[in-house]
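File shown: structure02.txt. Contents: compact mmCIF, C-alpha atoms.
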```txt
# COMPACT_ATOMS: atom_id res chain seq x y z
CA MET A 1402 18.46 1.07 -11.30
CA THR A 1403 17.46 1.25 -14.96
CA PRO A 1404 16.38 -1.87 -16.89
CA GLN A 1405 19.43 -1.37 -19.10
CA THR A 1406 21.94 -1.91 -16.26
CA ASN A 1407 19.92 -4.80 -14.84
CA ARG A 1408 20.17 -6.89 -18.01
CA ILE A 1409 22.37 -9.97 -17.93
CA PRO A 1410 25.02 -9.71 -20.69
CA TRP A 1411 24.36 -13.18 -22.14
CA LEU A 1412 26.44 -12.61 -25.28
CA ARG A 1413 29.48 -11.54 -23.24
CA ILE A 1414 29.04 -14.47 -20.85
CA LEU A 1415 28.84 -16.86 -23.82
CA ALA A 1416 31.93 -15.30 -25.44
CA GLY A 1417 33.89 -15.67 -22.18
CA LEU A 1418 32.85 -19.28 -21.72
CA VAL A 1419 33.67 -20.21 -25.34
CA LEU A 1420 37.10 -18.58 -25.00
CA THR A 1421 37.81 -20.37 -21.68
CA PHE A 1422 36.73 -23.78 -23.03
CA ALA A 1423 38.79 -23.33 -26.23
CA LEU A 1424 41.91 -22.47 -24.21
CA ALA A 1425 41.27 -25.45 -21.88
CA VAL A 1426 41.16 -27.82 -24.87
CA LEU A 1427 44.40 -26.30 -26.15
CA ALA A 1428 46.01 -26.64 -22.69
CA TRP A 1429 45.18 -30.37 -22.61
CA TRP A 1430 46.46 -30.86 -26.14
CA ILE A 1431 49.81 -29.29 -25.10
CA THR A 1432 49.87 -31.33 -21.86
CA LYS A 1433 49.40 -34.60 -23.76
CA LYS A 1434 52.14 -33.65 -26.25
CA ILE A 1435 54.55 -32.84 -23.40
CA TYR A 1436 53.65 -36.13 -21.61
CA ALA A 1437 55.35 -38.01 -24.43
CA VAL A 1438 58.54 -35.95 -24.22
CA SER A 1439 61.48 -36.75 -21.96
CA LEU A 1440 62.98 -33.61 -20.43
CA PRO A 1441 66.67 -33.06 -19.51
CA PHE A 1442 68.08 -34.90 -16.43
CA GLY A 1443 65.63 -37.78 -16.93
CA ILE A 1444 62.62 -35.71 -15.82
CA PRO A 1445 59.48 -37.20 -17.40
CA GLY A 1446 57.29 -34.76 -19.33
CA LYS A 1447 54.37 -35.79 -17.09
CA ALA A 1448 55.91 -33.73 -14.28
CA LEU A 1449 54.98 -30.54 -16.15
CA GLU A 1450 51.33 -30.81 -15.21
CA TYR A 1451 48.36 -29.16 -16.89
CA PRO A 1452 47.98 -26.12 -14.54
CA ILE A 1453 51.21 -24.66 -15.93
CA TRP A 1454 49.97 -24.75 -19.54
CA ALA A 1455 46.48 -23.61 -18.63
CA VAL A 1456 47.73 -20.56 -16.69
CA LEU A 1457 50.32 -19.66 -19.35
CA LEU A 1458 47.73 -19.83 -22.14
CA GLY A 1459 45.36 -17.68 -20.08
CA ILE A 1460 48.06 -15.07 -19.41
CA ALA A 1461 49.16 -15.01 -23.08
CA THR A 1462 45.58 -14.55 -24.25
CA SER A 1463 44.93 -11.80 -21.72
CA LEU A 1464 48.05 -9.94 -22.92
CA ILE A 1465 46.67 -10.07 -26.47
CA LEU A 1466 43.12 -9.09 -25.51
CA ARG A 1467 43.84 -6.36 -22.95
CA PRO A 1468 45.06 -3.62 -25.36
CA VAL A 1469 41.94 -3.96 -27.55
CA LYS A 1470 39.55 -4.03 -24.54
CA GLY A 1471 38.61 -7.59 -25.49
CA LEU A 1472 39.20 -8.86 -21.98
CA ASP A 1473 36.69 -6.42 -20.50
CA TYR A 1474 34.11 -7.68 -23.00
CA VAL A 1475 34.48 -11.38 -22.12
CA ARG A 1476 35.02 -10.83 -18.36
CA PRO A 1477 31.41 -11.68 -17.33
CA GLY A 1478 32.01 -15.19 -18.75
CA ILE A 1479 35.25 -15.82 -16.84
CA LYS A 1480 34.01 -17.92 -13.92
CA THR A 1481 37.16 -18.84 -12.00
CA GLU A 1482 35.57 -19.56 -8.61
CA LEU A 1483 32.67 -21.54 -10.06
CA PHE A 1484 35.00 -23.89 -11.96
CA LEU A 1485 37.28 -24.22 -8.92
CA LYS A 1486 34.40 -25.17 -6.64
CA ILE A 1487 32.90 -27.65 -9.14
CA GLY A 1488 36.37 -29.22 -9.44
CA LEU A 1489 36.70 -29.44 -5.66
CA VAL A 1490 33.38 -31.25 -5.21
CA LEU A 1491 34.44 -33.63 -7.99
CA LEU A 1492 37.79 -34.04 -6.19
CA GLY A 1493 35.83 -35.19 -3.15
CA ALA A 1494 34.39 -37.95 -5.33
CA SER A 1495 37.88 -39.49 -5.61
CA ILE A 1496 38.79 -39.44 -1.92
CA ASN A 1497 38.38 -42.81 -0.22
CA LEU A 1498 37.86 -42.18 3.49
CA LYS A 1499 38.29 -45.93 4.13
CA LEU A 1500 41.97 -45.44 3.31
CA LEU A 1501 42.32 -43.51 6.55
CA VAL A 1502 41.19 -46.58 8.47
CA THR A 1503 42.64 -49.46 6.49
CA THR A 1504 45.98 -48.15 5.27
CA ALA A 1505 49.22 -49.21 6.94
CA GLY A 1506 49.34 -47.56 10.37
CA GLY A 1507 52.72 -45.97 9.66
CA ALA A 1508 51.32 -43.93 6.77
CA ILE A 1509 48.60 -42.45 8.99
CA VAL A 1510 50.99 -41.63 11.83
CA GLN A 1511 53.47 -40.02 9.43
CA ALA A 1512 50.76 -38.06 7.60
CA LEU A 1513 49.36 -36.65 10.85
CA ILE A 1514 52.80 -35.66 12.17
CA LEU A 1515 53.90 -34.06 8.90
CA ILE A 1516 50.66 -32.25 8.13
CA THR A 1517 50.43 -30.75 11.61
CA CYS A 1518 54.09 -29.75 11.96
CA VAL A 1519 54.63 -28.51 8.39
CA PHE A 1520 51.35 -26.56 8.35
CA LEU A 1521 52.05 -24.83 11.66
CA PHE A 1522 55.71 -24.15 10.82
CA THR A 1523 54.90 -22.66 7.40
CA TYR A 1524 52.02 -20.59 8.82
CA TRP A 1525 54.29 -19.26 11.56
CA LEU A 1526 57.21 -18.56 9.22
CA ALA A 1527 54.98 -16.81 6.67
CA GLY A 1528 53.67 -14.66 9.52
CA ARG A 1529 57.24 -13.72 10.50
CA PHE A 1530 57.84 -12.67 6.88
CA GLY A 1531 54.69 -10.54 7.03
CA LEU A 1532 52.72 -12.43 4.36
CA ASP A 1533 48.98 -11.93 3.97
CA ASP A 1534 46.86 -14.26 6.18
CA LYS A 1535 45.15 -15.98 3.24
CA LEU A 1536 48.40 -16.51 1.35
CA ARG A 1537 49.81 -18.05 4.55
CA ALA A 1538 46.93 -20.55 4.67
CA VAL A 1539 47.17 -21.50 0.98
CA MET A 1540 50.93 -21.97 1.11
CA SER A 1541 50.84 -23.93 4.37
CA ALA A 1542 48.17 -26.27 2.97
CA ALA A 1543 50.09 -26.81 -0.28
CA LEU A 1544 53.28 -27.73 1.57
CA ALA A 1545 51.70 -29.73 4.37
CA VAL A 1546 49.05 -31.76 2.56
CA CYS A 1547 49.44 -32.40 -1.14
CA GLY A 1548 50.44 -29.53 -3.37
CA VAL A 1549 48.11 -28.22 -6.04
CA SER A 1550 44.81 -29.79 -4.87
CA ALA A 1551 45.38 -28.72 -1.27
CA ALA A 1552 46.28 -25.18 -2.38
CA ILE A 1553 43.04 -24.96 -4.36
CA ALA A 1554 40.96 -26.43 -1.53
CA ALA A 1555 42.51 -24.07 1.02
CA ALA A 1556 42.02 -21.09 -1.30
CA GLY A 1557 38.31 -21.93 -1.55
CA SER A 1558 38.01 -22.30 2.22
CA VAL A 1559 39.68 -19.00 3.10
CA LEU A 1560 38.48 -17.06 0.01
CA ALA A 1561 42.03 -16.31 -1.15
CA LYS A 1562 42.83 -14.09 -4.13
CA LYS A 1563 43.35 -15.75 -7.53
CA GLU A 1564 46.91 -14.41 -7.75
CA GLN A 1565 47.75 -16.06 -4.43
CA VAL A 1566 46.61 -19.47 -5.72
CA THR A 1567 48.46 -19.00 -9.03
CA TYR A 1568 51.64 -18.01 -7.21
CA VAL A 1569 51.57 -21.00 -4.85
CA VAL A 1570 50.61 -23.50 -7.59
CA ALA A 1571 53.50 -22.28 -9.77
CA LEU A 1572 55.91 -22.65 -6.83
CA VAL A 1573 54.62 -26.16 -6.05
CA ILE A 1574 55.14 -27.41 -9.60
CA VAL A 1575 58.50 -25.72 -10.16
CA VAL A 1576 59.98 -26.92 -6.83
CA ALA A 1577 58.62 -30.48 -7.25
CA LEU A 1578 60.59 -30.98 -10.47
CA PRO A 1579 64.14 -30.93 -9.04
CA MET A 1580 62.92 -32.69 -5.88
CA MET A 1581 61.70 -35.60 -7.97
CA VAL A 1582 65.24 -36.23 -9.24
CA LEU A 1583 67.26 -35.16 -6.18
CA ALA A 1584 65.28 -37.11 -3.57
CA PRO A 1585 65.88 -40.61 -5.05
CA LEU A 1586 69.56 -39.74 -5.68
CA THR A 1587 69.96 -38.66 -2.04
CA ALA A 1588 68.05 -41.69 -0.75
CA GLY A 1589 70.35 -43.94 -2.80
CA ALA A 1590 73.45 -42.20 -1.44
CA MET A 1591 72.17 -42.68 2.13
CA GLY A 1592 71.28 -46.33 1.45
CA LEU A 1593 67.66 -45.97 2.61
CA THR A 1594 65.41 -49.04 2.46
CA ASP A 1595 62.59 -49.07 -0.08
CA ALA A 1596 60.00 -48.48 2.66
CA VAL A 1597 61.80 -45.50 4.22
CA ALA A 1598 62.67 -43.97 0.84
CA GLY A 1599 59.09 -44.37 -0.42
CA ALA A 1600 57.63 -42.91 2.77
CA TRP A 1601 60.06 -40.00 2.50
CA PHE A 1602 59.09 -39.20 -1.11
CA GLY A 1603 55.38 -39.51 -0.32
CA GLY A 1604 55.59 -37.26 2.71
CA ASN A 1605 57.88 -34.66 1.23
CA ILE A 1606 57.36 -34.09 -2.49
CA ASP A 1607 54.30 -31.96 -3.13
CA THR A 1608 52.74 -33.13 -6.40
CA THR A 1609 51.41 -36.66 -6.85
CA ALA A 1610 53.02 -37.01 -10.30
CA ALA A 1611 56.44 -36.10 -8.90
CA VAL A 1612 56.01 -38.51 -5.95
CA ILE A 1613 55.28 -41.37 -8.33
CA GLY A 1614 58.18 -40.22 -10.52
CA ALA A 1615 60.64 -40.25 -7.61
CA GLY A 1616 59.41 -43.67 -6.46
CA THR A 1617 59.76 -45.03 -9.99
CA ILE A 1618 63.35 -43.78 -10.21
CA TYR A 1619 64.18 -45.52 -6.88
CA SER A 1620 62.37 -48.89 -7.06
CA GLU A 1621 58.97 -50.47 -7.61
CA ALA A 1622 58.55 -51.16 -3.87
CA ALA A 1623 59.45 -47.55 -3.01
CA GLN A 1624 56.91 -46.38 -5.56
CA GLN A 1625 54.16 -48.43 -3.86
CA VAL A 1626 54.96 -47.06 -0.39
CA ALA A 1627 55.26 -43.51 -1.76
CA SER A 1628 51.85 -43.88 -3.38
CA ILE A 1629 50.21 -45.16 -0.16
CA VAL A 1630 51.72 -42.37 1.94
CA LYS A 1631 50.74 -39.70 -0.63
CA ASN A 1632 47.18 -41.03 -0.93
CA THR A 1633 46.84 -41.01 2.86
CA GLN A 1634 47.82 -37.33 2.90
CA ASN A 1635 45.45 -36.63 -0.01
CA ALA A 1636 42.61 -38.25 1.93
CA LEU A 1637 43.06 -35.60 4.62
CA ILE A 1638 42.35 -32.69 2.22
CA GLY A 1639 38.69 -32.61 3.23
CA VAL A 1640 39.52 -32.45 6.93
CA MET A 1641 41.95 -29.59 6.31
CA ALA A 1642 39.51 -27.69 4.06
CA PHE A 1643 36.76 -28.07 6.67
CA LEU A 1644 38.94 -26.89 9.57
CA LEU A 1645 40.27 -23.90 7.60
CA ALA A 1646 36.75 -22.93 6.52
CA VAL A 1647 35.51 -23.03 10.12
CA PHE A 1648 38.56 -21.12 11.38
CA TYR A 1649 38.36 -18.33 8.78
CA ALA A 1650 34.56 -18.07 8.95
CA GLY A 1651 34.79 -17.63 12.73
CA LYS A 1652 37.65 -15.12 12.68
CA THR A 1653 37.02 -12.02 14.71
CA GLU A 1654 36.78 -8.72 12.88
CA GLY A 1655 37.14 -5.37 14.62
CA GLY A 1656 37.27 -7.11 18.01
CA GLN A 1657 33.79 -8.66 17.53
CA ARG A 1658 33.24 -12.42 17.39
CA PRO A 1659 30.82 -13.33 14.59
CA GLY A 1660 27.57 -15.08 15.51
CA ALA A 1661 26.49 -18.53 14.34
CA ARG A 1662 24.47 -17.03 11.48
CA LEU A 1663 27.44 -15.04 10.14
CA ILE A 1664 29.74 -18.07 10.47
CA TRP A 1665 27.25 -20.12 8.42
CA ASP A 1666 26.95 -17.33 5.81
CA ARG A 1667 30.73 -17.12 5.47
CA PHE A 1668 31.24 -20.90 5.46
CA PRO A 1669 32.06 -22.12 1.92
CA LYS A 1670 29.21 -24.55 1.17
CA PHE A 1671 31.15 -26.47 -1.48
CA VAL A 1672 33.11 -28.06 1.41
CA LEU A 1673 29.87 -29.83 2.36
CA GLY A 1674 29.53 -31.05 -1.24
CA PHE A 1675 33.12 -32.28 -1.08
CA ILE A 1676 32.42 -34.28 2.09
CA VAL A 1677 29.17 -35.79 0.75
CA ALA A 1678 30.96 -36.77 -2.50
CA SER A 1679 33.77 -38.44 -0.47
CA ILE A 1680 31.22 -40.43 1.53
CA LEU A 1681 29.42 -41.58 -1.65
CA PHE A 1682 32.74 -42.63 -3.20
CA THR A 1683 33.83 -44.47 -0.04
CA LEU A 1684 30.51 -46.36 -0.03
CA GLY A 1685 31.30 -47.51 -3.58
CA TRP A 1686 28.27 -45.80 -5.13
CA LEU A 1687 30.33 -43.88 -7.71
CA ASP A 1688 32.54 -46.77 -8.87
CA THR A 1689 30.98 -47.06 -12.32
CA GLY A 1690 31.74 -43.45 -13.18
CA LYS A 1691 35.09 -43.16 -11.36
CA ASP A 1692 37.33 -42.50 -14.39
CA VAL A 1693 34.87 -40.11 -15.99
CA ILE A 1694 34.50 -38.15 -12.72
CA ASN A 1695 38.30 -37.83 -12.51
CA ALA A 1696 38.39 -36.56 -16.10
CA LEU A 1697 35.60 -34.07 -15.32
CA ARG A 1698 37.56 -32.85 -12.29
CA ASN A 1699 40.64 -32.25 -14.45
CA TRP A 1700 38.48 -30.32 -16.94
CA ALA A 1701 37.01 -28.17 -14.19
CA PHE A 1702 40.46 -27.36 -12.78
CA THR A 1703 41.84 -26.67 -16.27
CA LEU A 1704 38.99 -24.20 -16.89
CA ALA A 1705 39.72 -22.61 -13.52
CA PHE A 1706 43.44 -22.26 -14.24
CA VAL A 1707 42.78 -20.81 -17.72
CA SER A 1708 40.43 -18.29 -16.07
CA MET A 1709 43.07 -17.45 -13.45
CA GLY A 1710 45.54 -16.79 -16.27
CA LEU A 1711 43.03 -14.58 -18.08
CA GLU A 1712 42.41 -12.52 -14.93
CA PHE A 1713 46.04 -12.53 -13.84
CA ALA A 1714 47.11 -9.21 -12.32
CA PHE A 1715 50.85 -8.67 -12.66
CA GLY A 1716 50.70 -5.76 -10.23
CA GLU A 1717 49.44 -8.06 -7.45
CA MET A 1718 52.23 -10.57 -8.13
CA LYS A 1719 54.83 -7.78 -8.07
CA ARG A 1720 53.37 -6.52 -4.81
CA MET A 1721 53.85 -9.97 -3.20
CA GLY A 1722 57.55 -9.84 -4.18
CA TRP A 1723 60.12 -12.49 -3.30
CA LYS A 1724 59.08 -13.08 0.30
CA PRO A 1725 56.65 -15.94 -0.53
CA VAL A 1726 59.40 -17.70 -2.50
CA SER A 1727 61.76 -17.48 0.48
CA VAL A 1728 59.08 -18.82 2.84
CA PHE A 1729 58.25 -21.64 0.44
CA LEU A 1730 61.89 -22.73 0.05
CA ILE A 1731 62.67 -22.62 3.79
CA ALA A 1732 59.46 -24.53 4.59
CA THR A 1733 60.30 -27.10 1.87
CA LEU A 1734 63.68 -27.67 3.52
CA PHE A 1735 61.97 -28.11 6.89
CA ASN A 1736 59.45 -30.54 5.31
CA THR A 1737 62.28 -32.52 3.67
CA LEU A 1738 64.25 -32.99 6.88
CA LEU A 1739 61.20 -33.70 9.05
CA ALA A 1740 59.79 -36.21 6.53
CA LEU A 1741 63.15 -37.99 6.35
CA GLY A 1742 63.38 -38.27 10.15
CA ALA A 1743 59.74 -39.33 10.53
CA ALA A 1744 59.95 -41.91 7.72
CA TRP A 1745 63.16 -43.37 9.14
CA VAL A 1746 61.89 -43.66 12.74
CA ILE A 1747 58.36 -44.84 11.85
CA PHE A 1748 59.18 -47.29 9.07
CA THR A 1749 62.40 -48.66 10.64
CA TYR A 1750 61.50 -48.90 14.34
CA LEU A 1751 57.90 -48.05 15.25
CA LEU A 1752 55.69 -49.54 12.52
CA PRO A 1753 57.91 -51.29 9.97
CA ILE A 1754 56.18 -52.76 6.92
CA THR A 1755 57.20 -55.84 4.98
CA LEU A 1756 57.42 -55.44 1.22
CA MET B 313 7.10 -3.63 5.64
CA SER B 314 6.91 -4.32 1.92
CA ASP B 315 4.72 -7.15 0.58
CA THR B 316 7.03 -7.74 -2.37
CA PRO B 317 8.17 -11.42 -2.27
CA LYS B 318 11.91 -11.81 -1.65
CA LYS B 319 13.76 -12.82 -4.82
CA PHE B 320 15.27 -16.32 -4.48
CA ASN B 321 19.00 -16.16 -5.07
CA LEU B 322 21.28 -19.17 -5.06
CA SER B 323 24.92 -18.49 -4.13
CA GLU B 324 27.79 -19.54 -6.38
CA ASP B 325 28.79 -22.18 -3.81
CA TRP B 326 25.45 -23.93 -4.07
CA TRP B 327 25.48 -23.65 -7.87
CA ALA B 328 28.89 -25.35 -7.88
CA VAL B 329 27.60 -28.17 -5.64
CA ILE B 330 24.49 -28.70 -7.79
CA LEU B 331 26.42 -28.65 -11.09
CA ALA B 332 29.08 -31.02 -9.71
CA PHE B 333 26.47 -33.54 -8.55
CA VAL B 334 24.67 -33.33 -11.91
CA LEU B 335 28.00 -34.14 -13.59
CA ILE B 336 28.61 -37.00 -11.13
CA LEU B 337 25.14 -38.37 -11.89
CA LEU B 338 25.72 -38.16 -15.66
CA ALA B 339 29.04 -39.98 -15.21
CA VAL B 340 27.58 -42.73 -13.03
CA VAL B 341 24.58 -43.45 -15.30
CA GLY B 342 26.89 -43.52 -18.34
CA VAL B 343 25.67 -40.45 -20.24
CA MET B 344 29.31 -39.32 -20.10
CA GLY B 345 32.13 -41.79 -20.67
CA ALA B 346 33.21 -44.41 -23.18
CA ASN B 347 29.63 -45.38 -24.13
CA GLY B 348 28.24 -41.86 -24.10
CA LEU B 349 29.74 -38.42 -24.48
CA ASN B 350 33.45 -39.14 -24.27
CA ILE B 351 35.24 -36.36 -22.43
CA THR B 352 38.57 -38.11 -21.85
CA PHE B 353 41.55 -37.62 -24.13
```
Take the structure in this file and express it as structure tokens.
Amino acid sequence: MTPQTNRIPWLRILAGLVLTFALAVLAWWITKKIYAVSLPFGIPGKALEYPIWAVLLGIATSLILRPVKGLDYVRPGIKTELFLKIGLVLLGASINLKLLVTTAGGAIVQALILITCVFLFTYWLAGRFGLDDKLRAVMSAALAVCGVSAAIAAAGSVLAKKEQVTYVVALVIVVALPMMVLAPLTAGAMGLTDAVAGAWFGGNIDTTAAVIGAGTIYSEAAQQVASIVKNTQNALIGVMAFLLAVFYAGKTEGGQRPGARLIWDRFPKFVLGFIVASILFTLGWLDTGKDVINALRNWAFTLAFVSMGLEFAFGEMKRMGWKPVSVFLIATLFNTLLALGAAWVIFTYLLPITL
Amino acid sequence: MSDTPKKFNLSEDWWAVILAFVLILLAVVGVMGANGLNITF
């Protein structure tokens, strides 16, 4: 190799980073503007979360830069995976493991039932539709655990393609919007109690903002229960990411089981950072910087989504076709019905809570 | 066998963990935040 090819292209890296940061600032500016707007059908602007704007800005910029070869120039500075992994470790620093022990028993029972059943159902269904193994894992995690964050965590654990994450994140946000309005209307028509309705929203709707939105539309008590149930599911992200990482790292290839060394090499190390950060947060050692860490996490994910938009390959999306959408919608229907049944049985008969 | 020392290479995963914990440290000690470099909108 000649010294010329060995040289790190610092200027190109810097140009890529400056571009990504500038687009991330713009994405947050748009997000904040939209927050203040009320959308049709009473949908709060907050439901259109920052990943949408970040990805769209990235795609728009790449469409402008591609014809003049500008994208190739800045590509060394587009660090999608690095930003994703930094964001995931920072996400760990907001997960309180104590919640899994101290929260109302019903929330834990419901979370375990829903996560297990919805994950396995979606994984199975996606397999029947012939979807790629990694896309199956990302989609199953997004539907079973908690939407965008779970999709990102699963993608890191199974080393999914960027287009697969973008596709699933877009589906999560778009489907959560109508759910946020329809779920409280349906709960009202069925005369559900605040506890059952809240548990249903928390267990069924994928994004945290939409869960809170649905709870707010229904009642303050429903909002509280929805928030507890959602946070319980969120707290299980680390467990899911760890199990997926172990499963995919240990997958057999060409009929040969990998050895311990290969499993360790394949294992995504950021999952360990995530777990350590969760433990530190649970011990209360990060309390003073809690809000700033959350802001840093949002920045890291915004940078990652901008980068995904910049590197977006339309051909890959076209190749995936409509099958993932069909799987996502069928699995959402399954999740909705199962969450309703589980919430009703658990919060009416098995472990009712007083509000 | 060559005597050339093996070049130390840190994977992207470990870089992410190190950078994230540096950021966490800066947030906890107050270098970032309301009284330092404000990164919230």
### Task
Please determine the residues with any atom at most 12 Å from (25.5, -35.5, -19.0) (coordinates as given in the file, with all atoms listed in the file counting) and report them as a PyMOL selection string.
(chain A and resi 1690+1693-1694+1697) or (chain B and resi 331-345+347-351)
Export, as a PDB file, in the coordinates of the input, the selected residues with C-alpha atoms.
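Output file result.pdb follows:
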```pdb
ATOM      1  CA  GLY A1690      31.740 -43.450 -13.180  1.00  0.00           C
ATOM      2  CA  VAL A1693      34.870 -40.110 -15.990  1.00  0.00           C
ATOM      3  CA  ILE A1694      34.500 -38.150 -12.720  1.00  0.00           C
ATOM      4  CA  LEU A1697      35.600 -34.070 -15.320  1.00  0.00           C
TER       5      LEU A1697
ATOM      6  CA  LEU B 331      26.420 -28.650 -11.090  1.00  0.00           C
ATOM      7  CA  ALA B 332      29.080 -31.020  -9.710  1.00  0.00           C
ATOM      8  CA  PHE B 333      26.470 -33.540  -8.550  1.00  0.00           C
ATOM      9  CA  VAL B 334      24.670 -33.330 -11.910  1.00  0.00           C
ATOM     10  CA  LEU B 335      28.000 -34.140 -13.590  1.00  0.00           C
ATOM     11  CA  ILE B 336      28.610 -37.000 -11.130  1.00  0.00           C
ATOM     12  CA  LEU B 337      25.140 -38.370 -11.890  1.00  0.00           C
ATOM     13  CA  LEU B 338      25.720 -38.160 -15.660  1.00  0.00           C
ATOM     14  CA  ALA B 339      29.040 -39.980 -15.210  1.00  0.00           C
ATOM     15  CA  VAL B 340      27.580 -42.730 -13.030  1.00  0.00           C
ATOM     16  CA  VAL B 341      24.580 -43.450 -15.300  1.00  0.00           C
ATOM     17  CA  GLY B 342      26.890 -43.520 -18.340  1.00  0.00           C
ATOM     18  CA  VAL B 343      25.670 -40.450 -20.240  1.00  0.00           C
ATOM     19  CA  MET B 344      29.310 -39.320 -20.100  1.00  0.00           C
ATOM     20  CA  GLY B 345      32.130 -41.790 -20.670  1.00  0.00           C
ATOM     21  CA  ASN B 347      29.630 -45.380 -24.130  1.00  0.00           C
ATOM     22  CA  GLY B 348      28.240 -41.860 -24.100  1.00  0.00           C
ATOM     23  CA  LEU B 349      29.740 -38.420 -24.480  1.00  0.00           C
ATOM     24  CA  ASN B 350      33.450 -39.140 -24.270  1.00  0.00           C
ATOM     25  CA  ILE B 351      35.240 -36.360 -22.430  1.00  0.00           C
TER      26      ILE B 351
END
```
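Atom CA of Leu1704 of chain A is positioned 17.2 Å from atom CA of Leu1449 of chain A.
Put simply, atom CA of Lys1535 of chain A is 11.2 Å away from atom CA of Glu1564 of chain A.
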## Note on the structure
One decimal place gives the atom CA of Phe1671 of chain A-atom CA of Lys1652 of chain A separation as 19.3 Å
Taking only residues of chain A that have an atom at most 6 Å from an atom of chain B, what is each one's shortest atom pair and its distance in Å to one decimal, using only C-alpha atoms, in chain and number order, as a Markdown table?
```
| residue | atom | partner | partner_atom | distance |
| --- | --- | --- | --- | --- |
| A:Leu1483 | CA | B:Ala328 | CA | 5.8 |
| A:Lys1486 | CA | B:Ala328 | CA | 5.7 |
| A:Ile1487 | CA | B:Ala328 | CA | 4.8 |
| A:Lys1670 | CA | B:Asp325 | CA | 5.5 |
| A:Phe1671 | CA | B:Asp325 | CA | 5.4 |
| A:Gly1674 | CA | B:Val329 | CA | 5.6 |
| A:Thr1689 | CA | B:Val340 | CA | 5.6 |
| A:Gly1690 | CA | B:Val340 | CA | 4.2 |
| A:Val1693 | CA | B:Gly345 | CA | 5.7 |
| A:Ala1696 | CA | B:Thr352 | CA | 6.0 |
```
### Query
For Arg1467 of chain A, which of A:Ala1596, A:Phe1713, A:Ser1727, A:Ala1551 is the closest residue, counting all atoms listed in the file?
A:Phe1713
Quick one: what's the axis-aligned box for segment 1438-1441 of chain A, all listed atoms, 3 Å on every side, centre and edges in Å to one decimal, as lines of an AutoDock Vina configuration file?
```
center_x = 62.6
center_y = -34.9
center_z = -21.9
size_x = 14.1
size_y = 9.7
size_z = 10.7
```
### Message
Taking only C-alpha atoms into account, name the residue in A:Ile1618, A:Ile1496, A:Ala1527, A:Ile1553 that is nearest to Lys1724 of chain A.
### Response
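Closest residue, counting only C-alpha atoms: A:Ala1527.
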### Query
Residues at most 7 Å from Thr1633 of chain A, counting all atoms listed in the file, excluding those fewer than 2 positions away in the same chain, as a ChimeraX atom specification?
/A:1500-1501,1508-1509,1512,1629-1631,1635-1637
### Query
Got a sec: who's within 12 Å of Leu1560 of chain A, counting all atoms listed in the file, leaving out chain neighbours fewer than 4 positions off, as an NGL selection string?
(:A and (1482 or 1485-1486 or 1534-1536 or 1538-1539 or 1552-1556 or 1564-1566 or 1642 or 1645-1646 or 1649-1650 or 1667-1670)) or (:B and (325))
